[in-house]
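Trainee: Handing over protein-v4.txt, compact mmCIF, N, CA and C atoms.
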```txt
# COMPACT_ATOMS: atom_id res chain seq x y z
N MET D 105 0.85 -1.17 0.00
CA MET D 105 0.00 0.00 0.00
C MET D 105 0.90 1.24 0.00
N LEU D 106 0.53 2.18 -0.83
CA LEU D 106 1.23 3.45 -0.93
C LEU D 106 0.28 4.56 -0.54
N GLN D 107 0.81 5.73 -0.36
CA GLN D 107 -0.03 6.91 -0.16
C GLN D 107 0.43 7.97 -1.14
N GLY D 108 -0.54 8.72 -1.66
CA GLY D 108 -0.21 9.77 -2.60
C GLY D 108 -1.19 10.91 -2.53
N ILE D 109 -0.79 12.02 -3.08
CA ILE D 109 -1.64 13.21 -3.14
C ILE D 109 -2.05 13.40 -4.59
N CYS D 110 -3.32 13.66 -4.79
CA CYS D 110 -3.84 13.88 -6.13
C CYS D 110 -3.31 15.22 -6.66
N VAL D 111 -2.68 15.16 -7.84
CA VAL D 111 -2.12 16.37 -8.45
C VAL D 111 -2.81 16.70 -9.77
N ASP D 112 -3.68 15.80 -10.25
CA ASP D 112 -4.32 15.99 -11.55
C ASP D 112 -5.71 15.36 -11.51
N THR D 113 -6.74 16.15 -11.72
CA THR D 113 -8.12 15.62 -11.71
C THR D 113 -8.72 15.56 -13.11
N GLU D 114 -7.89 15.62 -14.13
CA GLU D 114 -8.36 15.58 -15.52
C GLU D 114 -9.15 14.29 -15.78
N ASN D 115 -10.32 14.42 -16.36
CA ASN D 115 -11.19 13.31 -16.76
C ASN D 115 -11.71 12.49 -15.57
N THR D 116 -11.81 13.09 -14.39
CA THR D 116 -12.39 12.38 -13.26
C THR D 116 -13.16 13.36 -12.38
N VAL D 117 -14.26 12.89 -11.83
CA VAL D 117 -15.04 13.70 -10.88
C VAL D 117 -14.93 13.12 -9.48
N VAL D 118 -14.27 11.98 -9.36
CA VAL D 118 -14.15 11.28 -8.07
C VAL D 118 -12.99 11.84 -7.23
N LEU D 119 -11.89 12.19 -7.88
CA LEU D 119 -10.70 12.65 -7.16
C LEU D 119 -10.75 14.15 -6.90
N GLN D 120 -10.12 14.56 -5.80
CA GLN D 120 -10.03 15.98 -5.46
C GLN D 120 -8.56 16.37 -5.39
N LYS D 121 -8.19 17.40 -6.12
CA LYS D 121 -6.81 17.85 -6.16
C LYS D 121 -6.35 18.27 -4.76
N GLY D 122 -5.17 17.80 -4.38
CA GLY D 122 -4.61 18.13 -3.08
C GLY D 122 -4.99 17.14 -1.97
N GLU D 123 -5.93 16.24 -2.24
CA GLU D 123 -6.36 15.24 -1.25
C GLU D 123 -5.36 14.08 -1.20
N SER D 124 -5.21 13.51 -0.02
CA SER D 124 -4.35 12.34 0.16
C SER D 124 -5.20 11.08 0.02
N TYR D 125 -4.65 10.07 -0.69
CA TYR D 125 -5.36 8.82 -0.92
C TYR D 125 -4.42 7.64 -0.67
N TYR D 126 -5.02 6.49 -0.37
CA TYR D 126 -4.29 5.23 -0.29
C TYR D 126 -4.30 4.65 -1.69
N LEU D 127 -3.12 4.17 -2.12
CA LEU D 127 -2.96 3.68 -3.48
C LEU D 127 -2.51 2.23 -3.47
N PHE D 128 -3.16 1.42 -4.30
CA PHE D 128 -2.84 0.01 -4.42
C PHE D 128 -2.50 -0.27 -5.88
N PRO D 129 -1.24 -0.63 -6.17
CA PRO D 129 -0.82 -0.81 -7.56
C PRO D 129 -1.68 -1.82 -8.31
N ASN D 130 -2.00 -1.46 -9.55
CA ASN D 130 -2.72 -2.33 -10.48
C ASN D 130 -1.94 -2.27 -11.79
N GLY D 131 -0.88 -3.04 -11.86
CA GLY D 131 0.01 -2.97 -13.01
C GLY D 131 0.94 -1.77 -12.85
N PRO D 132 1.76 -1.50 -13.86
CA PRO D 132 2.75 -0.43 -13.75
C PRO D 132 2.17 0.98 -13.93
N ASP D 133 0.98 1.11 -14.52
CA ASP D 133 0.46 2.42 -14.89
C ASP D 133 -0.81 2.85 -14.17
N HIS D 134 -1.32 2.03 -13.23
CA HIS D 134 -2.59 2.36 -12.58
C HIS D 134 -2.57 2.02 -11.09
N TYR D 135 -3.43 2.71 -10.36
CA TYR D 135 -3.65 2.44 -8.93
C TYR D 135 -5.13 2.26 -8.68
N TYR D 136 -5.46 1.32 -7.76
CA TYR D 136 -6.78 1.33 -7.15
C TYR D 136 -6.67 2.40 -6.07
N VAL D 137 -7.64 3.28 -5.98
CA VAL D 137 -7.57 4.44 -5.09
C VAL D 137 -8.65 4.36 -4.03
N SER D 138 -8.24 4.61 -2.77
CA SER D 138 -9.17 4.55 -1.65
C SER D 138 -8.89 5.66 -0.66
N ARG D 139 -9.92 6.06 0.05
CA ARG D 139 -9.74 7.01 1.16
C ARG D 139 -9.36 6.27 2.44
N PHE D 140 -9.40 4.94 2.39
CA PHE D 140 -9.12 4.10 3.56
C PHE D 140 -7.99 3.13 3.24
N PRO D 141 -7.27 2.65 4.24
CA PRO D 141 -6.18 1.70 4.00
C PRO D 141 -6.70 0.28 3.74
N ASN D 142 -7.65 0.17 2.81
CA ASN D 142 -8.29 -1.11 2.50
C ASN D 142 -8.51 -1.17 0.99
N GLU D 143 -7.83 -2.09 0.33
CA GLU D 143 -7.95 -2.20 -1.12
C GLU D 143 -9.37 -2.50 -1.56
N GLY D 144 -10.11 -3.23 -0.74
CA GLY D 144 -11.48 -3.57 -1.07
C GLY D 144 -12.43 -2.39 -1.01
N ALA D 145 -12.00 -1.28 -0.45
CA ALA D 145 -12.86 -0.09 -0.33
C ALA D 145 -12.48 0.98 -1.35
N HIS D 146 -11.89 0.56 -2.47
CA HIS D 146 -11.43 1.56 -3.44
C HIS D 146 -12.60 2.22 -4.17
N THR D 147 -12.34 3.43 -4.65
CA THR D 147 -13.37 4.20 -5.36
C THR D 147 -13.17 4.15 -6.87
N GLY D 148 -12.12 3.48 -7.31
CA GLY D 148 -11.88 3.34 -8.73
C GLY D 148 -10.43 3.06 -9.03
N CYS D 149 -10.15 2.90 -10.31
CA CYS D 149 -8.80 2.64 -10.78
C CYS D 149 -8.37 3.81 -11.66
N PHE D 150 -7.23 4.43 -11.32
CA PHE D 150 -6.80 5.65 -12.00
C PHE D 150 -5.35 5.54 -12.44
N GLN D 151 -4.99 6.33 -13.44
CA GLN D 151 -3.63 6.35 -13.94
C GLN D 151 -2.67 6.93 -12.90
N VAL D 152 -1.45 6.46 -12.93
CA VAL D 152 -0.39 6.90 -12.03
C VAL D 152 -0.18 8.41 -12.12
N LYS D 153 -0.37 8.99 -13.31
CA LYS D 153 -0.10 10.41 -13.53
C LYS D 153 -0.93 11.34 -12.64
N HIS D 154 -2.00 10.82 -12.06
CA HIS D 154 -2.87 11.64 -11.21
C HIS D 154 -2.30 11.86 -9.80
N PHE D 155 -1.22 11.15 -9.43
CA PHE D 155 -0.76 11.16 -8.05
C PHE D 155 0.73 11.43 -7.90
N GLU D 156 1.05 12.08 -6.80
CA GLU D 156 2.44 12.24 -6.38
C GLU D 156 2.57 11.45 -5.09
N LEU D 157 3.48 10.48 -5.09
CA LEU D 157 3.64 9.62 -3.92
C LEU D 157 4.19 10.38 -2.73
N ILE D 158 3.73 10.00 -1.55
CA ILE D 158 4.23 10.57 -0.30
C ILE D 158 5.36 9.67 0.17
N ASP D 159 6.53 10.24 0.41
CA ASP D 159 7.69 9.49 0.88
C ASP D 159 7.44 9.04 2.31
N GLU D 160 7.44 7.73 2.54
CA GLU D 160 7.14 7.18 3.87
C GLU D 160 8.16 7.62 4.92
N GLU D 161 9.44 7.66 4.55
CA GLU D 161 10.45 8.08 5.53
C GLU D 161 10.24 9.52 5.94
N GLU D 162 9.99 10.40 4.96
CA GLU D 162 9.79 11.81 5.26
C GLU D 162 8.51 12.01 6.06
N LYS D 163 7.49 11.20 5.76
CA LYS D 163 6.23 11.30 6.49
C LYS D 163 6.42 10.87 7.93
N ALA D 164 7.23 9.83 8.14
CA ALA D 164 7.44 9.30 9.49
C ALA D 164 8.18 10.29 10.38
N MET D 165 9.18 10.97 9.83
CA MET D 165 9.95 11.91 10.63
C MET D 165 10.63 12.91 9.71
N PRO D 166 9.93 13.99 9.38
CA PRO D 166 10.50 14.97 8.45
C PRO D 166 11.75 15.64 9.01
N GLY D 167 12.70 15.88 8.13
CA GLY D 167 13.91 16.60 8.50
C GLY D 167 14.99 15.77 9.14
N ILE D 168 14.79 14.47 9.30
CA ILE D 168 15.78 13.60 9.92
C ILE D 168 16.59 12.92 8.82
N ASP D 169 17.91 13.07 8.90
CA ASP D 169 18.81 12.44 7.93
C ASP D 169 19.23 11.09 8.50
N ARG D 170 18.94 10.03 7.77
CA ARG D 170 19.23 8.66 8.24
C ARG D 170 20.72 8.34 8.29
N ASP D 171 21.56 9.21 7.74
CA ASP D 171 23.00 8.98 7.74
C ASP D 171 23.72 9.69 8.89
N LYS D 172 22.96 10.35 9.76
CA LYS D 172 23.57 11.12 10.84
C LYS D 172 23.19 10.54 12.20
N VAL D 173 23.88 11.00 13.22
CA VAL D 173 23.61 10.59 14.60
C VAL D 173 23.02 11.80 15.32
N TYR D 174 22.03 11.55 16.19
CA TYR D 174 21.36 12.62 16.91
C TYR D 174 21.35 12.34 18.40
N PHE D 175 21.21 13.41 19.16
CA PHE D 175 20.98 13.34 20.60
C PHE D 175 19.54 13.79 20.76
N ALA D 176 18.68 12.94 21.32
CA ALA D 176 17.26 13.26 21.37
C ALA D 176 16.65 12.81 22.69
N GLN D 177 15.57 13.46 23.06
CA GLN D 177 14.85 13.19 24.30
C GLN D 177 13.80 12.11 24.06
N MET D 178 13.88 11.02 24.83
CA MET D 178 12.87 9.96 24.76
C MET D 178 11.71 10.38 25.66
N TYR D 179 10.49 10.48 25.11
CA TYR D 179 9.36 10.90 25.92
C TYR D 179 8.30 9.81 26.07
N CYS D 180 8.47 8.69 25.42
CA CYS D 180 7.50 7.60 25.49
C CYS D 180 8.25 6.29 25.66
N LYS D 181 7.73 5.41 26.49
CA LYS D 181 8.37 4.10 26.69
C LYS D 181 7.33 3.01 26.91
N VAL D 182 6.26 3.06 26.15
CA VAL D 182 5.15 2.12 26.29
C VAL D 182 5.68 0.69 26.23
N GLY D 183 5.43 -0.07 27.27
CA GLY D 183 5.86 -1.46 27.33
C GLY D 183 7.28 -1.67 27.79
N TYR D 184 8.01 -0.61 28.12
CA TYR D 184 9.39 -0.70 28.57
C TYR D 184 9.57 0.06 29.88
N PRO D 185 9.03 -0.47 30.98
CA PRO D 185 9.07 0.27 32.24
C PRO D 185 10.46 0.52 32.79
N SER D 186 11.45 -0.28 32.40
CA SER D 186 12.80 -0.10 32.94
C SER D 186 13.57 1.02 32.25
N PHE D 187 13.08 1.54 31.14
CA PHE D 187 13.78 2.62 30.45
C PHE D 187 13.50 3.95 31.11
N GLU D 188 14.55 4.78 31.17
CA GLU D 188 14.41 6.13 31.70
C GLU D 188 14.00 7.07 30.58
N LEU D 189 13.13 8.01 30.89
CA LEU D 189 12.76 9.04 29.93
C LEU D 189 13.82 10.12 30.02
N LYS D 190 14.84 10.01 29.19
CA LYS D 190 15.96 10.94 29.21
C LYS D 190 16.51 11.08 27.80
N GLU D 191 17.62 11.78 27.64
CA GLU D 191 18.23 11.96 26.33
C GLU D 191 19.15 10.79 26.02
N TYR D 192 19.10 10.36 24.75
CA TYR D 192 19.92 9.26 24.26
C TYR D 192 20.54 9.65 22.93
N TYR D 193 21.57 8.92 22.55
CA TYR D 193 22.13 9.05 21.22
C TYR D 193 21.36 8.07 20.33
N ILE D 194 20.95 8.55 19.17
CA ILE D 194 20.17 7.68 18.29
C ILE D 194 20.73 7.70 16.87
N LYS D 195 20.61 6.57 16.20
CA LYS D 195 20.98 6.42 14.79
C LYS D 195 19.69 6.05 14.06
N PRO D 196 19.08 7.00 13.33
CA PRO D 196 17.80 6.75 12.66
C PRO D 196 17.90 5.68 11.58
N ARG D 197 16.81 4.93 11.46
CA ARG D 197 16.64 3.97 10.36
C ARG D 197 15.43 4.46 9.59
N LYS D 198 14.59 3.59 9.08
CA LYS D 198 13.45 4.05 8.29
C LYS D 198 12.39 4.71 9.17
N THR D 199 11.74 3.96 10.04
CA THR D 199 10.73 4.52 10.94
C THR D 199 11.13 4.36 12.39
N HIS D 200 12.22 3.66 12.65
CA HIS D 200 12.72 3.42 14.00
C HIS D 200 14.14 3.97 14.11
N CYS D 201 14.72 3.80 15.28
CA CYS D 201 16.11 4.21 15.46
C CYS D 201 16.79 3.27 16.44
N ASN D 202 18.10 3.11 16.29
CA ASN D 202 18.89 2.38 17.25
C ASN D 202 19.25 3.35 18.36
N LEU D 203 19.15 2.90 19.58
CA LEU D 203 19.33 3.74 20.76
C LEU D 203 20.62 3.37 21.46
N TYR D 204 21.41 4.39 21.83
CA TYR D 204 22.70 4.17 22.47
C TYR D 204 22.85 5.08 23.68
N GLU D 205 23.64 4.64 24.65
CA GLU D 205 23.93 5.42 25.85
C GLU D 205 25.09 6.39 25.63
N ASP D 206 25.96 6.09 24.65
CA ASP D 206 27.18 6.88 24.48
C ASP D 206 27.31 7.40 23.06
N GLN D 207 28.07 8.48 22.91
CA GLN D 207 28.26 9.12 21.61
C GLN D 207 29.03 8.24 20.64
N ALA D 208 29.88 7.35 21.14
CA ALA D 208 30.65 6.46 20.28
C ALA D 208 29.78 5.33 19.72
N LEU D 209 28.53 5.25 20.17
CA LEU D 209 27.56 4.24 19.72
C LEU D 209 28.04 2.82 20.01
N THR D 210 28.59 2.63 21.22
CA THR D 210 29.06 1.29 21.61
C THR D 210 28.15 0.63 22.64
N ARG D 211 27.35 1.42 23.37
CA ARG D 211 26.46 0.86 24.41
C ARG D 211 25.02 0.85 23.90
N PHE D 212 24.72 -0.15 23.07
CA PHE D 212 23.41 -0.30 22.44
C PHE D 212 22.34 -0.62 23.47
N LYS D 213 21.20 0.08 23.38
CA LYS D 213 20.10 -0.12 24.33
C LYS D 213 18.86 -0.76 23.69
N GLY D 214 18.74 -0.66 22.36
CA GLY D 214 17.57 -1.23 21.70
C GLY D 214 17.18 -0.44 20.46
N CYS D 215 16.04 -0.83 19.89
CA CYS D 215 15.50 -0.19 18.70
C CYS D 215 14.08 0.28 19.02
N PHE D 216 13.80 1.57 18.80
CA PHE D 216 12.52 2.14 19.17
C PHE D 216 11.98 3.03 18.05
N PRO D 217 10.67 3.28 18.03
CA PRO D 217 10.09 4.16 17.01
C PRO D 217 10.65 5.59 17.13
N LEU D 218 10.93 6.19 15.99
CA LEU D 218 11.41 7.57 15.98
C LEU D 218 10.42 8.53 16.62
N GLU D 219 9.14 8.21 16.50
CA GLU D 219 8.11 9.10 17.03
C GLU D 219 8.13 9.18 18.56
N TRP D 220 8.90 8.34 19.22
CA TRP D 220 9.01 8.39 20.68
C TRP D 220 10.03 9.42 21.14
N PHE D 221 10.63 10.18 20.21
CA PHE D 221 11.69 11.11 20.54
C PHE D 221 11.35 12.53 20.09
N THR D 222 11.88 13.50 20.84
CA THR D 222 11.73 14.91 20.48
C THR D 222 13.07 15.61 20.68
N ASP D 223 13.12 16.88 20.34
CA ASP D 223 14.30 17.72 20.56
C ASP D 223 15.56 17.12 19.94
N PHE D 224 15.50 16.79 18.66
CA PHE D 224 16.62 16.20 17.95
C PHE D 224 17.75 17.22 17.80
N GLU D 225 18.93 16.82 18.21
CA GLU D 225 20.11 17.66 18.07
C GLU D 225 21.16 16.85 17.33
N GLU D 226 21.55 17.31 16.15
CA GLU D 226 22.53 16.58 15.35
C GLU D 226 23.89 16.58 16.04
N ILE D 227 24.53 15.43 16.06
CA ILE D 227 25.86 15.29 16.64
C ILE D 227 26.87 15.45 15.52
N VAL D 228 27.71 16.47 15.64
CA VAL D 228 28.74 16.71 14.63
C VAL D 228 30.05 16.24 15.21
N THR D 229 30.70 15.35 14.49
CA THR D 229 31.99 14.85 14.95
C THR D 229 33.09 15.67 14.30
N GLU D 230 34.02 16.11 15.13
CA GLU D 230 35.14 16.89 14.62
C GLU D 230 36.22 15.94 14.14
N THR D 231 36.76 16.25 12.99
CA THR D 231 37.86 15.44 12.46
C THR D 231 39.04 16.34 12.18
N ASN D 232 40.19 15.80 12.41
CA ASN D 232 41.43 16.50 12.11
C ASN D 232 41.80 16.12 10.69
N GLU D 233 42.06 17.09 9.83
CA GLU D 233 42.34 16.78 8.43
C GLU D 233 43.62 16.00 8.26
N ASN D 234 44.46 15.90 9.30
CA ASN D 234 45.68 15.09 9.24
C ASN D 234 45.43 13.65 9.64
N ASP D 235 44.23 13.33 10.15
CA ASP D 235 43.90 11.98 10.58
C ASP D 235 43.21 11.23 9.44
N HIS D 236 43.62 9.98 9.25
CA HIS D 236 43.01 9.13 8.23
C HIS D 236 42.79 7.75 8.83
N ILE D 237 41.61 7.17 8.61
CA ILE D 237 41.33 5.83 9.11
C ILE D 237 41.10 4.93 7.90
N VAL D 238 41.85 3.83 7.83
CA VAL D 238 41.72 2.87 6.74
C VAL D 238 41.47 1.51 7.36
N GLU D 239 40.26 0.97 7.17
CA GLU D 239 39.87 -0.34 7.67
C GLU D 239 40.27 -0.55 9.13
N GLY D 240 39.99 0.41 9.99
CA GLY D 240 40.21 0.26 11.42
C GLY D 240 41.62 0.61 11.87
N ILE D 241 42.51 0.94 10.94
CA ILE D 241 43.87 1.33 11.31
C ILE D 241 43.95 2.84 11.16
N GLU D 242 44.43 3.50 12.18
CA GLU D 242 44.49 4.95 12.16
C GLU D 242 45.91 5.41 11.88
N PHE D 243 46.04 6.27 10.88
CA PHE D 243 47.32 6.87 10.54
C PHE D 243 47.24 8.35 10.85
N ARG D 244 48.28 8.90 11.44
CA ARG D 244 48.34 10.33 11.71
C ARG D 244 49.62 10.89 11.13
N SER D 245 49.49 12.06 10.58
CA SER D 245 50.68 12.74 10.05
C SER D 245 51.40 13.42 11.20
N ALA D 246 52.67 13.13 11.34
CA ALA D 246 53.46 13.78 12.38
C ALA D 246 53.92 15.14 11.85
N GLU D 247 54.42 15.97 12.73
CA GLU D 247 54.86 17.31 12.37
C GLU D 247 55.94 17.27 11.29
N ASN D 248 56.78 16.22 11.30
CA ASN D 248 57.90 16.15 10.35
C ASN D 248 57.51 15.45 9.04
N GLY D 249 56.21 15.15 8.83
CA GLY D 249 55.76 14.54 7.60
C GLY D 249 55.71 13.03 7.63
N GLN D 250 56.21 12.41 8.72
CA GLN D 250 56.17 10.95 8.83
C GLN D 250 54.76 10.50 9.24
N LEU D 251 54.40 9.26 8.89
CA LEU D 251 53.13 8.69 9.31
C LEU D 251 53.34 7.86 10.57
N LEU D 252 52.44 8.04 11.51
CA LEU D 252 52.48 7.29 12.76
C LEU D 252 51.32 6.30 12.73
N LEU D 253 51.57 5.07 13.13
CA LEU D 253 50.56 4.01 13.14
C LEU D 253 50.08 3.79 14.56
N PHE D 254 48.75 3.78 14.76
CA PHE D 254 48.17 3.55 16.08
C PHE D 254 47.32 2.31 16.04
```
Could the structure of this file be written out as structure tokens, please?

Mentor:
Amino acid sequence: MLQGICVDTENTVVLQKGESYYLFPNGPDHYYVSRFPNEGAHTGCFQVKHFELIDEEEKAMPGIDRDKVYFAQMYCKVGYPSFELKEYYIKPRKTHCNLYEDQALTRFKGCFPLEWFTDFEEIVTETNENDHIVEGIEFRSAENGQLLLF
């Protein structure tokens, strides 16, 4: 099931421009269209050109980059009474995130819905342009131009 917004009402009186609909693919060029998340309750079959798909990741948590690490406040813990409602380091996935106690992301606590968090603060890691990491081996340029292995 997909979701999309109607962008073209040409040759139809059923669709309303700007309305959000549930879309069920019917071949590569058509969707069964419904106002409900039920394919059996569709109002008709329409061409793909009538809709702009809604990105599920963006809908789930707009403005969150899945390639970054954030510090965020956990405000919900339904079913997890032992968890503290506090700030954690998180690594976003599609609709959930991996939760960590430390900035190095070594103390994994679990995987929770992104919607359980607020006050997202992006964690920016500082890098020294003289530092290079190759497959877990760190090389540093010394003052005299030599490479040091750590």

Trainee: Enumerate, as a compact mmCIF listing (two decimals) with N, CA and C atoms, in the frame of the given file, the complete set of residues in stretch 107-204 of chain D that a backbone-based DSSP assignment places in helix (DSSP H, G or I).

Mentor:
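Output file selection-v7.txt follows:
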```txt
# COMPACT_ATOMS: atom_id res chain seq x y z
N GLU D 143 -7.83 -2.09 0.33
CA GLU D 143 -7.95 -2.20 -1.12
C GLU D 143 -9.37 -2.50 -1.56
N GLY D 144 -10.11 -3.23 -0.74
CA GLY D 144 -11.48 -3.57 -1.07
C GLY D 144 -12.43 -2.39 -1.01
N ALA D 145 -12.00 -1.28 -0.45
CA ALA D 145 -12.86 -0.09 -0.33
C ALA D 145 -12.48 0.98 -1.35
N VAL D 152 -1.45 6.46 -12.93
CA VAL D 152 -0.39 6.90 -12.03
C VAL D 152 -0.18 8.41 -12.12
N LYS D 153 -0.37 8.99 -13.31
CA LYS D 153 -0.10 10.41 -13.53
C LYS D 153 -0.93 11.34 -12.64
N HIS D 154 -2.00 10.82 -12.06
CA HIS D 154 -2.87 11.64 -11.21
C HIS D 154 -2.30 11.86 -9.80
N GLU D 160 7.44 7.73 2.54
CA GLU D 160 7.14 7.18 3.87
C GLU D 160 8.16 7.62 4.92
N GLU D 161 9.44 7.66 4.55
CA GLU D 161 10.45 8.08 5.53
C GLU D 161 10.24 9.52 5.94
N GLU D 162 9.99 10.40 4.96
CA GLU D 162 9.79 11.81 5.26
C GLU D 162 8.51 12.01 6.06
N LYS D 163 7.49 11.20 5.76
CA LYS D 163 6.23 11.30 6.49
C LYS D 163 6.42 10.87 7.93
N ALA D 164 7.23 9.83 8.14
CA ALA D 164 7.44 9.30 9.49
C ALA D 164 8.18 10.29 10.38
```

Trainee: For stretch 172-189 of chain D, find every residue with an atom within 6.5 Å (counting only N, CA and C atoms), except residues of its own chain fewer than 6 positions away, and show them as a PyMOL selection string.

Mentor: chain D and resi 195-196+220-227

Trainee: Keeping N, CA and C atoms for every residue in the selection just given, could you write it to a file as a short mmCIF file (atom, residue, chain, number, x, y, z; two decimals), keeping the file's coordinate frame?

Mentor:
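Final file, part_12.cif:
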```cif
data_model
loop_
_atom_site.label_atom_id
_atom_site.label_comp_id
_atom_site.auth_asym_id
_atom_site.auth_seq_id
_atom_site.Cartn_x
_atom_site.Cartn_y
_atom_site.Cartn_z
N LYS D 195 20.61 6.57 16.20
CA LYS D 195 20.98 6.42 14.79
C LYS D 195 19.69 6.05 14.06
N PRO D 196 19.08 7.00 13.33
CA PRO D 196 17.80 6.75 12.66
C PRO D 196 17.90 5.68 11.58
N TRP D 220 8.90 8.34 19.22
CA TRP D 220 9.01 8.39 20.68
C TRP D 220 10.03 9.42 21.14
N PHE D 221 10.63 10.18 20.21
CA PHE D 221 11.69 11.11 20.54
C PHE D 221 11.35 12.53 20.09
N THR D 222 11.88 13.50 20.84
CA THR D 222 11.73 14.91 20.48
C THR D 222 13.07 15.61 20.68
N ASP D 223 13.12 16.88 20.34
CA ASP D 223 14.30 17.72 20.56
C ASP D 223 15.56 17.12 19.94
N PHE D 224 15.50 16.79 18.66
CA PHE D 224 16.62 16.20 17.95
C PHE D 224 17.75 17.22 17.80
N GLU D 225 18.93 16.82 18.21
CA GLU D 225 20.11 17.66 18.07
C GLU D 225 21.16 16.85 17.33
N GLU D 226 21.55 17.31 16.15
CA GLU D 226 22.53 16.58 15.35
C GLU D 226 23.89 16.58 16.04
N ILE D 227 24.53 15.43 16.06
CA ILE D 227 25.86 15.29 16.64
C ILE D 227 26.87 15.45 15.52
#
```

Trainee: Compare D:Cys110, D:Leu218, D:Ile194, D:Leu127 by their minimum atom-to-atom distance to D:Asp206, counting all atoms listed in the file, and give me the closest one.

Mentor: D:Ile194

Trainee: Would you compute the distance between atom CA of D:Gly122 and atom CA of D:Ile109? Give it in Å to one decimal.

Mentor: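 Computing it gives 5.7 Å between the two atoms.
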
Trainee: Just how far from atom C of D:Lys153 is atom CA of D:His134, in Å to one decimal?

Mentor: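 Separation of atom CA of D:His134 and atom C of D:Lys153: 9.1 Å.
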
Trainee: Enumerate, as a ChimeraX atom specification, the complete set of residues in stretch 130-235 of chain D that a backbone-based DSSP assignment places in strand (DSSP E or B).

Mentor: /D:134-138,148-151,155-157,174-178,191-196,200-204,212-217,221-226,235

Trainee: Rounded to one decimal place, report the atom CA of D:Asp112-atom N of D:His154 distance in Å.

Mentor: 5.7 Å

Trainee: Taking all atoms of stretch 117-121 of chain D that the file lists and extending 5 Å past them on each side, where is the centre of the axis-aligned box and how long are its edges? Answer in Å to one decimal, as JSON.

Mentor:
```
{"center_x": -10.7, "center_y": 14.8, "center_z": -8.3, "size_x": 18.7, "size_y": 17.0, "size_z": 17.1}
```

Trainee: For D:Phe140, work out the shell of residues within 8 Å, counting all atoms listed in the file and skipping chain neighbours fewer than 2 positions away, then give it as a PyMOL selection string.

Mentor: chain D and resi 124-127+137-138+142-147

Trainee: Regenerate stretch 146-157 of chain D at the level of N, CA, C and O atoms and dump it as a PDB file, in the coordinates of the input.

Mentor:
```
ATOM      1  N   HIS D 146     -11.890   0.560  -2.470  1.00  0.00           N
ATOM      2  CA  HIS D 146     -11.430   1.560  -3.440  1.00  0.00           C
ATOM      3  C   HIS D 146     -12.600   2.220  -4.170  1.00  0.00           C
ATOM      4  O   HIS D 146     -13.696   1.667  -4.276  1.00  0.00           O
ATOM      5  N   THR D 147     -12.340   3.430  -4.650  1.00  0.00           N
ATOM      6  CA  THR D 147     -13.370   4.200  -5.360  1.00  0.00           C
ATOM      7  C   THR D 147     -13.170   4.150  -6.870  1.00  0.00           C
ATOM      8  O   THR D 147     -13.946   4.741  -7.612  1.00  0.00           O
ATOM      9  N   GLY D 148     -12.120   3.480  -7.310  1.00  0.00           N
ATOM     10  CA  GLY D 148     -11.880   3.340  -8.730  1.00  0.00           C
ATOM     11  C   GLY D 148     -10.430   3.060  -9.030  1.00  0.00           C
ATOM     12  O   GLY D 148      -9.597   2.981  -8.137  1.00  0.00           O
ATOM     13  N   CYS D 149     -10.150   2.900 -10.310  1.00  0.00           N
ATOM     14  CA  CYS D 149      -8.800   2.640 -10.780  1.00  0.00           C
ATOM     15  C   CYS D 149      -8.370   3.810 -11.660  1.00  0.00           C
ATOM     16  O   CYS D 149      -9.082   4.173 -12.604  1.00  0.00           O
ATOM     17  N   PHE D 150      -7.230   4.430 -11.320  1.00  0.00           N
ATOM     18  CA  PHE D 150      -6.800   5.650 -12.000  1.00  0.00           C
ATOM     19  C   PHE D 150      -5.350   5.540 -12.440  1.00  0.00           C
ATOM     20  O   PHE D 150      -4.571   4.799 -11.848  1.00  0.00           O
ATOM     21  N   GLN D 151      -4.990   6.330 -13.440  1.00  0.00           N
ATOM     22  CA  GLN D 151      -3.630   6.350 -13.940  1.00  0.00           C
ATOM     23  C   GLN D 151      -2.670   6.930 -12.900  1.00  0.00           C
ATOM     24  O   GLN D 151      -3.043   7.812 -12.108  1.00  0.00           O
ATOM     25  N   VAL D 152      -1.450   6.460 -12.930  1.00  0.00           N
ATOM     26  CA  VAL D 152      -0.390   6.900 -12.030  1.00  0.00           C
ATOM     27  C   VAL D 152      -0.180   8.410 -12.120  1.00  0.00           C
ATOM     28  O   VAL D 152       0.117   9.064 -11.124  1.00  0.00           O
ATOM     29  N   LYS D 153      -0.370   8.990 -13.310  1.00  0.00           N
ATOM     30  CA  LYS D 153      -0.100  10.410 -13.530  1.00  0.00           C
ATOM     31  C   LYS D 153      -0.930  11.340 -12.640  1.00  0.00           C
ATOM     32  O   LYS D 153      -0.586  12.481 -12.454  1.00  0.00           O
ATOM     33  N   HIS D 154      -2.000  10.820 -12.060  1.00  0.00           N
ATOM     34  CA  HIS D 154      -2.870  11.640 -11.210  1.00  0.00           C
ATOM     35  C   HIS D 154      -2.300  11.860  -9.800  1.00  0.00           C
ATOM     36  O   HIS D 154      -2.855  12.665  -9.043  1.00  0.00           O
ATOM     37  N   PHE D 155      -1.220  11.150  -9.430  1.00  0.00           N
ATOM     38  CA  PHE D 155      -0.760  11.160  -8.050  1.00  0.00           C
ATOM     39  C   PHE D 155       0.730  11.430  -7.900  1.00  0.00           C
ATOM     40  O   PHE D 155       1.528  11.053  -8.743  1.00  0.00           O
ATOM     41  N   GLU D 156       1.050  12.080  -6.800  1.00  0.00           N
ATOM     42  CA  GLU D 156       2.440  12.240  -6.380  1.00  0.00           C
ATOM     43  C   GLU D 156       2.570  11.450  -5.090  1.00  0.00           C
ATOM     44  O   GLU D 156       1.834  11.689  -4.120  1.00  0.00           O
ATOM     45  N   LEU D 157       3.480  10.480  -5.090  1.00  0.00           N
ATOM     46  CA  LEU D 157       3.640   9.620  -3.920  1.00  0.00           C
ATOM     47  C   LEU D 157       4.190  10.380  -2.730  1.00  0.00           C
ATOM     48  O   LEU D 157       5.015  11.288  -2.872  1.00  0.00           O
TER      49      LEU D 157
END
```
